[in-house]
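Asker: Take a look at this one; I'll ask things after.
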Amino acid sequence: MINDKPYLIDAITGNSRFLASLGNTGRMYRLWWPNIDFPQHVDKIRSGLFFENGLGGTSWFDEPDYGWTHEAAYVQDTNIFRVTASHRSLPVTAVTVDYAVPGEDFHVRDYTFTNTGDEPVSFQFMFYSSFNITENKLYNTVFFDEEADAIVHYRHRYFFSIGSSNVCTGFQAGFAWEAADTGALRGSVIEMTTDGSLSWKVADLAPGASVTIPVYIAAGNDRFESLAALAKAKSKPSNEWFAETSQYWHEFVAAATPCPTDDPEIKDLYVRSLLMFKLMSDEKTGSIVAAPEFDENFTRCGGYSYCWGRDAAFITTALDKAGLGSLTDRFYDWALTAQDPDGSWQQRHFHDGSLAPSWGIQLDEGASLIWGMWEHYKHTGSRDFADRVWPAVAKGAAFLVTTLDPETGLPRPSRDLWEEREAEHTYSAAAVFGGLSAAASFAELQGKADLASEWSAAASQVSAGLSDHGFNEARDSFYRALKLTVYPHVYHEAAERGEQVFTKTTAKGYVTHHVQHDPVIDISLLGISVPFGAVAPEDARMQKTADVVERELTMPGVGGIKRYEDDTYAGGNPWVLTTLWLAHYRIANGQYDEAKKHLRWAMDHRTHTGLLPEQVDKATGETAWVVPLTWSHAMFVLTIFMLAEKGRL
């Protein structure tokens, strides 16, 4: 929990302009617009009922501490989220339905209240909103627009108008929490602060009767755009927006590649993955977010609401398998804008292509993008796509060639895929092999035989380096890395054990310390074979490596595969994507029953709303970290199609 917001959420809704993260009580914790990565605007949104018979303040039905219990689920085959709140003593149920209308700049929060008692009931519905627009508490203003019957929050070029087609009976702009909590809004019109509240009176609701109050959050770059979006939201009944949105998502699923099995559990998770992919793809840019942000203050990690080329290469390959190739096309159009002039791609980016907070270059990122481009071309056969990406591929391949270490044949030291250490990483080498091989294929397609030969030779150099220097006979596994940068005390301890160590002196005279070999067992070693193919799956060294990976990284008790032996991140738990990575290798090696076991584990550890997390708690088996992780869903989709293509699903 940070700033009254949990790290783990239960659902996401949106329309690729909006993205909202929600809890299983119906609380909206975050709302992004007009991009899904940044900025986020919501500080706090609360929904409650104030009963006229003086029961002691507003009962906030999005909070279990007020005596409410909740049932939450997605509406079947949609990105519409419904929560039913019931109270042990109050005679009203509250159903909240959340969705963003496709193609529109408004988000719908549809509230339906039903009298479950034996007598008429009267109450006020209280809607409290606090916006830290662009993730900033400063320079916000809130005002009530009487003509629009709306509370308007704004800062700079971001405006959010909140209103309903039901005329409100109370409002307060500024310093509104205490007033909303006591059911006594004061009617203040404008304040330079962050919060406001609206209320609607419901009088003498008959037993068994219901009333619906839709609340619209409408966005724009000025008040006129925002209020126009709100007016459009009010222009027809909310049940028509619901029907239109539901139809959109059903048509989206129907247009995708059908699930390759009728198994209901696999099919449900497959459809949820398709729907999640669309929400993670930014409508304005085409970029793909790794996960909705949940730790914007970097309290326990470095953030997730960015685009990584590595994640995206796996994700776009899954998108193609699922028949969502238009999202892949748009992503690679975006990737062209994010490339640096020297041909590299940096670690991660904001969706406008600018550099995100970073730990330095990871050579696997750009190499993965080139590999992913070729996978997309193989899937589509689109010469137009190949021609469009060719200049970036050529620059990217030329850059990768310059990174090769003549001593080892592997790419020079950079950050590893987990962004924790610097070395000549085996996984990075595998990705560079894949990227250079893909670039050579593009060159052949373009009739550039000289470049195809050069890049094929460079890829062969990497493969030879892995073969000559990469295998650790003592552990029957490939080394995780060569030339690992370490702290001085680690260097001295390794030297005392008789291991190969060395130092370097930088241009400014600083001494860095290194060990020659990193023997730690890491799931990413499987990347040598799947997906990049630097070593064949049936190669004896690869088979031994996979067996060691499974033996050393399987979590006792709860099962699943953790990232590497001494992993401590977020508690050192098994990950969904790592477990499915091992499934990929087992399929490639013809071990289908083993693969199905790992697939089953991943499916068993989805959330109650059908989303795949990043990690599963090593003690309890419950969701531990990041919901949803786009890469996890991509690995699931790839797994089921790999099995289907072998006739083994």
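Here, A, B, ... name the chains of the structure tokens in the order displayed, residue numbers run from 1 inside each chain, and ligands are numbered from 1 in the same displayed order.
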Where in region 373-476 of chain A does DSSP assign strand (DSSP E or B), given as a list in words?

Answerer: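 Output for region 373-476 of chain A, strand (DSSP E or B) only: Leu404, Pro411, Ser414, Arg415, Glu422, Ala423, Glu424, His425, Phe471 and Asn472 of chain A.
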
Asker: With only C-alpha atoms as the counted atoms, please give the residues lying no more than 10 Å from region 500-509 of chain A, apart from itself and same-chain residues fewer than 4 positions off, as a list of chain:residue names.

Answerer: A:Lys483, A:Leu484, A:Thr485, A:Val486, A:Pro488, A:Tyr491, A:His492, A:Ala494, A:Ala495, A:His513, A:His514, A:Val515, A:Gln516, A:His517

Asker: Determine the nearest neighbour of Arg606 (chain A) from the options A:Thr317, A:Ser161, A:Ser273, A:Thr639, counting only C-alpha atoms.

Answerer: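 Looking at the shortest contact to Arg606 (chain A), the residue is A:Ser273.
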
Asker: Pick out the residues sitting within 7 Å of Asn573 (chain A), and hand them over as a list in words; count only C-alpha atoms, and ignore anything fewer than 5 positions along from it in its own chain.

Answerer: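 Here the qualifying residues turn out to be Lys562, Gln615, Val616, Asp617 and Lys618 of chain A.
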
Asker: Quick one: everything within 9 Å of Gly67 (chain A), counting only C-alpha atoms, minus sequence neighbours fewer than 6 positions away in the same chain. Send it as a list in words.

Answerer: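 Once the adjacent positions are removed, what remains is Ser59, Phe61, Ser86, His87, Arg88 and Ser89 of chain A.
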
Asker: Name the residues in contact with region 236-251 of chain A at a cut-off of 7 Å, using only C-alpha atoms, excluding same-chain residues fewer than 2 positions from it; report them as an NGL selection string.

Answerer: :A and (77-78 or 101-102 or 214 or 233-234 or 253-255)

Asker: Could the residues in this selection be written to a file with C-alpha atoms, as an mmCIF file, in the first residue's frame?

Answerer:
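Final file, result_12.cif:
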```cif
data_model
loop_
_atom_site.group_PDB
_atom_site.id
_atom_site.type_symbol
_atom_site.label_atom_id
_atom_site.label_comp_id
_atom_site.auth_asym_id
_atom_site.auth_seq_id
_atom_site.Cartn_x
_atom_site.Cartn_y
_atom_site.Cartn_z
ATOM 1 C CA ASP A 77 -15.843 -11.570 -22.901
ATOM 2 C CA THR A 78 -15.531 -7.823 -22.321
ATOM 3 C CA VAL A 101 -16.553 3.725 -24.374
ATOM 4 C CA PRO A 102 -14.414 2.776 -27.410
ATOM 5 C CA PRO A 214 -24.420 6.973 -14.294
ATOM 6 C CA ALA A 233 -21.761 11.031 -22.645
ATOM 7 C CA LYS A 234 -25.081 12.477 -21.433
ATOM 8 C CA VAL A 253 -12.838 -11.167 -29.694
ATOM 9 C CA ALA A 254 -14.768 -12.663 -32.609
ATOM 10 C CA ALA A 255 -12.388 -11.074 -35.128
#
```

Asker: Using only C-alpha atoms, which residues of region 32-139 of chain A come within 8 Å of region 289-308 of chain A, and what is the closest atom pair for each, with the distance in Å to one decimal? Give it as JSON lines, sorted by chain and residue number.

Answerer:
```
{"residue": "A:Ile36", "atom": "CA", "partner": "A:Val289", "partner_atom": "CA", "distance": 7.5}
{"residue": "A:Asp37", "atom": "CA", "partner": "A:Ser305", "partner_atom": "CA", "distance": 5.1}
{"residue": "A:Phe38", "atom": "CA", "partner": "A:Ser305", "partner_atom": "CA", "distance": 7.6}
```

Asker: By how many Å are CA of Thr13 (chain A) and CA of Phe50 (chain A) apart?

Answerer: 27.7 Å

Asker: If I take CA of Thr261 (chain A) and CA of Ala318 (chain A), how far is one from the other in Å, to one decimal?

Answerer: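 Between CA of Thr261 (chain A) and CA of Ala318 (chain A) the gap works out to 16.1 Å.
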
Asker: Hey, what's within 12 Å of Phe478 (chain A) if we count only C-alpha atoms and toss same-chain stuff fewer than 5 positions away? As an MDAnalysis selection string, please?

Answerer: chainID A and resid 425:427 430 465:473 517:529 535 540:549
